file protein26.cif (mmCIF, C-alpha atoms)
data_protein
loop_
_atom_site.label_atom_id
_atom_site.label_comp_id
_atom_site.auth_asym_id
_atom_site.auth_seq_id
_atom_site.Cartn_x
_atom_site.Cartn_y
_atom_site.Cartn_z
CA MET A 19 0.00 0.00 0.00
CA PHE A 20 1.18 3.48 -0.76
CA GLY A 21 -0.14 6.86 0.30
CA ILE A 22 0.48 10.16 2.01
CA GLN A 23 -1.66 10.65 5.09
CA ASP A 24 -3.16 14.05 5.87
CA VAL A 25 -2.38 14.30 9.60
CA PRO A 26 0.03 16.47 11.59
CA TYR A 27 3.66 15.63 11.12
CA ASN A 28 5.63 14.69 14.23
CA PRO A 29 8.85 12.81 13.50
CA TYR A 30 9.70 12.38 17.19
CA CYS A 31 6.80 10.16 18.28
CA GLY A 32 8.42 6.83 17.57
CA PRO A 33 6.72 3.53 16.80
CA ASN A 34 5.40 2.93 20.35
CA HIS A 35 3.30 6.10 20.42
CA THR A 36 1.64 6.10 17.02
CA HIS A 37 -1.87 5.86 18.51
CA SER A 38 -1.40 8.92 20.68
CA PRO A 39 -3.46 11.92 19.45
CA SER A 40 -0.35 14.11 19.62
CA CYS A 41 1.62 11.84 17.31
CA GLY A 42 1.44 11.50 13.57
CA GLN A 43 3.71 9.40 11.42
CA ALA A 44 2.65 11.07 8.22
CA CYS A 45 4.66 12.96 5.68
CA LYS A 46 5.38 16.57 6.48
CA TYR A 47 3.66 18.05 3.40
CA LEU A 48 0.76 17.34 1.07
CA PRO A 49 1.71 15.30 -2.01
CA ARG A 50 1.45 18.35 -4.28
CA ASP A 51 4.12 20.14 -2.21
CA TYR A 52 6.85 17.62 -3.02
CA LEU A 53 8.93 17.88 -6.16
CA PHE A 54 8.25 15.14 -8.68
CA GLU A 55 10.75 12.32 -8.24
CA PRO A 56 10.94 10.17 -11.38
CA ARG A 57 12.58 7.31 -9.47
CA VAL A 58 9.41 6.89 -7.38
CA ALA A 59 7.27 6.60 -10.51
CA GLU A 60 9.78 4.18 -12.03
CA LEU A 61 9.74 1.98 -8.92
CA LEU A 62 5.94 2.02 -8.71
CA SER A 63 5.44 1.10 -12.35
CA SER A 64 8.14 -1.56 -12.53
CA THR A 65 7.29 -3.50 -9.39
CA GLU A 66 6.49 -7.20 -9.45
CA LEU A 67 3.68 -6.75 -6.94
CA ASP A 68 0.28 -8.03 -8.00
CA ARG A 69 -1.50 -4.82 -7.03
CA TRP A 70 -0.89 -1.41 -5.50
CA LEU A 71 -3.63 -0.40 -3.06
CA VAL A 72 -3.62 3.36 -3.33
CA MET A 73 -4.34 5.07 -0.02
CA ASP A 74 -4.16 8.70 -1.15
CA THR A 75 -7.71 8.30 -2.45
CA TYR A 76 -9.27 7.09 0.84
CA TYR A 77 -10.65 10.38 1.97
CA PHE A 78 -9.96 14.13 1.62
CA THR A 79 -11.69 16.49 -0.75
CA THR A 80 -12.99 15.55 -4.17
CA GLY A 81 -10.25 17.61 -5.80
CA ARG A 82 -7.56 15.75 -3.87
CA PHE A 83 -9.16 12.42 -4.77
CA LEU A 84 -9.20 13.32 -8.47
CA GLY A 85 -5.62 14.58 -8.39
CA SER A 86 -4.37 11.45 -6.61
CA LEU A 87 -6.30 9.19 -8.98
CA ALA A 88 -4.78 10.93 -11.99
CA TRP A 89 -1.26 10.73 -10.50
CA TYR A 90 -1.44 7.00 -9.82
CA LEU A 91 -2.98 6.22 -13.19
CA GLU A 92 -0.20 8.19 -14.87
CA TYR A 93 2.79 6.99 -12.86
CA ALA A 94 2.03 3.76 -11.00
CA GLY A 95 0.59 1.72 -13.87
CA PRO A 96 -0.19 -0.50 -15.52
CA LEU A 97 -3.86 -0.03 -14.72
CA GLU A 98 -4.46 -3.68 -13.84
CA LYS A 99 -1.96 -3.33 -10.97
CA ILE A 100 -3.75 -0.38 -9.33
CA GLY A 101 -6.45 -0.72 -6.68
CA ILE A 102 -8.15 2.55 -5.79
CA GLY A 103 -8.73 2.80 -2.06
CA VAL A 104 -11.85 4.48 -0.69
CA MET A 105 -13.02 5.20 2.83
CA ASN A 106 -16.57 3.93 2.81
CA ARG A 107 -18.26 5.68 5.66
CA PRO A 108 -19.78 9.11 6.18
CA GLY A 109 -17.41 11.72 7.47
CA VAL A 110 -14.46 10.88 5.27
CA THR A 111 -13.58 14.53 4.77
CA ASN A 112 -13.27 16.15 8.18
CA ASP A 113 -16.50 14.57 9.47
CA THR A 114 -18.49 15.90 6.51
CA PRO A 115 -20.26 13.18 4.50
CA LEU A 116 -19.45 13.07 0.81
CA THR A 117 -21.92 15.02 -1.27
CA GLU A 118 -23.77 13.48 -4.17
CA ASP A 119 -21.54 15.51 -6.49
CA GLY A 120 -18.46 14.12 -4.71
CA MET A 121 -19.68 10.56 -5.20
CA VAL A 122 -20.59 11.17 -8.85
CA ALA A 123 -17.20 12.77 -9.54
CA ARG A 124 -15.31 9.85 -7.93
CA PHE A 125 -17.21 7.13 -9.76
CA HIS A 126 -17.32 8.97 -13.06
CA ALA A 127 -13.53 9.44 -12.89
CA MET A 128 -12.94 5.78 -12.02
CA SER A 129 -15.29 4.60 -14.78
CA SER A 130 -13.83 6.97 -17.37
CA ASN A 131 -10.34 5.68 -16.55
CA ASN A 132 -11.41 2.02 -16.62
CA VAL A 133 -10.46 1.39 -13.00
CA GLU A 134 -10.87 -2.34 -12.39
CA TRP A 135 -10.38 -2.54 -8.63
CA ILE A 136 -11.88 -0.52 -5.78
CA ASN A 137 -10.59 -1.34 -2.31
CA PHE A 138 -12.77 -0.46 0.68
CA PHE A 139 -11.26 0.44 4.00
CA ILE A 140 -13.49 -1.03 6.70
CA LEU A 141 -16.49 -3.15 5.75
CA PRO A 142 -19.43 -3.28 5.50
CA ALA A 143 -19.72 -0.56 2.91
CA ASP A 144 -21.89 2.35 3.97
CA ASP A 145 -25.28 2.52 2.23
CA GLN A 146 -24.26 5.78 0.52
CA TRP A 147 -21.79 3.82 -1.62
CA LEU A 148 -23.96 0.86 -2.62
CA PRO A 149 -25.95 2.26 -5.58
CA TYR A 150 -22.79 3.76 -7.08
CA LEU A 151 -20.87 0.51 -6.63
CA ARG A 152 -23.58 -1.52 -8.29
CA ARG A 153 -23.63 0.81 -11.26
CA TRP A 154 -19.82 0.78 -11.48
CA LYS A 155 -19.65 -3.01 -11.21
CA THR A 156 -22.33 -3.52 -13.90
CA TYR A 157 -20.98 -0.83 -16.23
CA CYS A 158 -24.30 0.98 -15.64
CA ALA A 159 -26.18 -1.69 -17.59
CA GLY A 160 -29.83 -0.76 -18.03
CA CYS A 161 -29.47 2.72 -16.49
CA GLY A 162 -31.61 4.98 -18.62
CA ASN A 163 -31.94 5.34 -22.37
CA GLN A 164 -28.38 6.65 -22.71
CA ILE A 165 -26.02 4.89 -20.34
CA ILE A 166 -23.40 7.63 -20.45
CA LEU A 167 -25.92 10.24 -19.32
CA GLY A 168 -27.81 8.05 -16.85
CA CYS A 169 -24.90 6.16 -15.36
CA TYR A 170 -24.34 7.94 -12.05
CA ASP A 171 -27.49 10.08 -11.99
CA MET A 172 -29.37 8.45 -9.13
CA SER A 173 -32.66 9.95 -10.34
CA VAL A 174 -32.39 7.65 -13.38
CA PRO A 175 -33.63 4.16 -12.50
CA CYS A 176 -31.69 1.11 -13.59
CA ASN A 177 -33.29 -2.07 -14.85
CA ASP A 178 -32.54 -4.66 -12.12
CA THR A 179 -32.88 -7.58 -14.53
CA VAL A 180 -30.29 -6.13 -16.90
CA GLN A 181 -27.95 -5.37 -13.99
CA LYS A 182 -28.27 -8.92 -12.63
CA GLN A 183 -27.48 -10.30 -16.09
CA ALA A 184 -24.41 -8.08 -16.30
CA LEU A 185 -23.21 -9.39 -12.93
CA MET A 186 -23.86 -12.98 -14.03
CA MET A 187 -21.83 -12.38 -17.19
CA GLN A 188 -18.92 -11.08 -15.10
CA GLU A 189 -19.11 -14.17 -12.92
CA GLY A 190 -19.08 -16.42 -15.99
CA ASN A 191 -22.70 -17.55 -15.59
CA LEU A 192 -23.95 -15.81 -18.73
CA HIS A 193 -22.23 -15.74 -22.09
CA LYS A 194 -21.07 -12.32 -23.28
CA ASP A 195 -22.90 -12.71 -26.60
CA ASP A 196 -26.26 -13.03 -24.81
CA LYS A 197 -28.32 -10.22 -26.38
CA ARG A 198 -30.23 -9.56 -23.14
CA VAL A 199 -27.24 -7.74 -21.62
CA LEU A 200 -27.58 -4.21 -22.91
CA GLY A 201 -24.97 -2.27 -20.97
CA SER A 202 -21.38 -1.69 -21.85
CA ARG A 203 -18.79 0.86 -20.95
#
call {"tool": "encode", "arguments": {"input": "protein26.cif", "output": "structure tokens"}}
result
Amino acid sequence: MFGIQDVPYNPYCGPNHTHSPSCGQACKYLPRDYLFEPRVAELLSSTELDRWLVMDTYYFTTGRFLGSLAWYLEYAGPLEKIGIGVMNRPGVTNDTPLTEDGMVARFHAMSSNNVEWINFFILPADDQWLPYLRRWKTYCAGCGNQIILGCYDMSVPCNDTVQKQALMMQEGNLHKDDKRVLGSR
């Protein structure tokens, strides 16, 4: 796992005091404040690990999420090795629940970039995330007359039958040429 935590920096706490409120083992600055180091990108992209679980996308503002997502997709690839981490409970940004626009922006960005893996920190997933996850997982199959426009608009209903068929196809229980599955990304 790789990430820069947004907590106060205190290099003198030591490993035995990391749970103390006065201690933080985070980096001193936000990621954007560090100069780009090509060796980090080279190491990330050339690793033999099966998957990077990106932690910079767990919480924070929507802008920080989008910036971190773009950075990892650009420098830590290939895409199939990247798992986008999300904090799945209300209050992920300074005890303020994510707005609908924040959720739509996150999922639209992940869908548009063909993210294959979302990693949740702490299960079960909060109910706020479930309709977005289902649409992401099913490629928004059966969501409105124009999938691109209806995908993450929660006022647009999705056809449950089509979504179930899309899930079955992903699990190998329905052949991809079955004409009943209407959705695709």
call {"tool": "resolve_selection", "arguments": {"input": "protein26.cif", "expression": "the PyMOL selection byres ((chain A and resi 131-140) around 8)", "output": "JSON, numbers by chain"}}
result
{"A": [71, 76, 97, 98, 100, 101, 102, 103, 104, 105, 106, 127, 128, 129, 130, 141, 142, 143]}
call {"tool": "closest_residue", "arguments": {"input": "protein26.cif", "among": "A:Pro56, A:Gly85, A:Pro96, A:Pro149", "to": "A:Asp171", "atoms": "only C-alpha atoms"}}
result
A:Pro149
call {"tool": "resolve_selection", "arguments": {"input": "protein26.cif", "expression": "the PyMOL selection byres ((chain A and resi 121) around 9)", "output": "PyMOL selection string"}}
result
chain A and resi 80+116-120+122-126+146-147+150+170
call {"tool": "closest_residue", "arguments": {"input": "protein26.cif", "among": "A:Val174, A:Leu87, A:Tyr93, A:Trp70", "to": "A:Glu55", "atoms": "all atoms listed in the file"}}
result
A:Tyr93
call {"tool": "residues_around", "arguments": {"input": "protein26.cif", "residues": "A:Leu61", "least_positions_apart": "2", "cutoff": "12 Å", "atoms": "all atoms listed in the file", "output": "list in words"}}
result
Phe20, Glu55, Pro56, Arg57, Val58, Ala59, Ser63, Ser64, Thr65, Glu66, Leu67, Trp70, Tyr93, Ala94 and Gly95 of chain A
call {"tool": "resolve_selection", "arguments": {"input": "protein26.cif", "expression": "the PyMOL selection byres ((chain A and resi 160) around 8)", "output": "CSV table (one decimal) with C-alpha atoms, in the frame of the given file"}}
result
chain,number,residue,atom,x,y,z
A,158,CYS,CA,-24.3,1.0,-15.6
A,159,ALA,CA,-26.2,-1.7,-17.6
A,161,CYS,CA,-29.5,2.7,-16.5
A,162,GLY,CA,-31.6,5.0,-18.6
A,163,ASN,CA,-31.9,5.3,-22.4
A,165,ILE,CA,-26.0,4.9,-20.3
A,176,CYS,CA,-31.7,1.1,-13.6
A,177,ASN,CA,-33.3,-2.1,-14.8
A,178,ASP,CA,-32.5,-4.7,-12.1
A,180,VAL,CA,-30.3,-6.1,-16.9
A,181,GLN,CA,-28.0,-5.4,-14.0
A,200,LEU,CA,-27.6,-4.2,-22.9
A,201,GLY,CA,-25.0,-2.3,-21.0
call {"tool": "atom_distance", "arguments": {"input": "protein26.cif", "atom1": "atom CA of A:Glu92", "atom2": "atom CA of A:Thr79"}}
result
20.0 Å
call {"tool": "atom_distance", "arguments": {"input": "protein26.cif", "atom1": "atom CA of A:Ala88", "atom2": "atom CA of A:Ala184"}}
result
27.7 Å
call {"tool": "atom_distance", "arguments": {"input": "protein26.cif", "atom1": "atom CA of A:Asp68", "atom2": "atom CA of A:Lys99"}}
result
6.0 Å
call {"tool": "axis_aligned_box", "arguments": {"input": "protein26.cif", "around": "stretch 134-141 of chain A", "padding_each_side": "8 Å", "output": "lines of an AutoDock Vina configuration file"}}
result
center_x = -13.4
center_y = -1.4
center_z = -2.8
size_x = 22.1
size_y = 19.6
size_z = 35.1
call {"tool": "closest_residue", "arguments": {"input": "protein26.cif", "among": "A:Leu185, A:Leu91, A:Arg69, A:Pro115", "to": "A:Asp145", "atoms": "only C-alpha atoms"}}
result
A:Pro115
call {"tool": "closest_residue", "arguments": {"input": "protein26.cif", "among": "A:Met172, A:Met187, A:Leu62, A:Tyr90", "to": "A:Pro49", "atoms": "all atoms listed in the file"}}
result
A:Tyr90
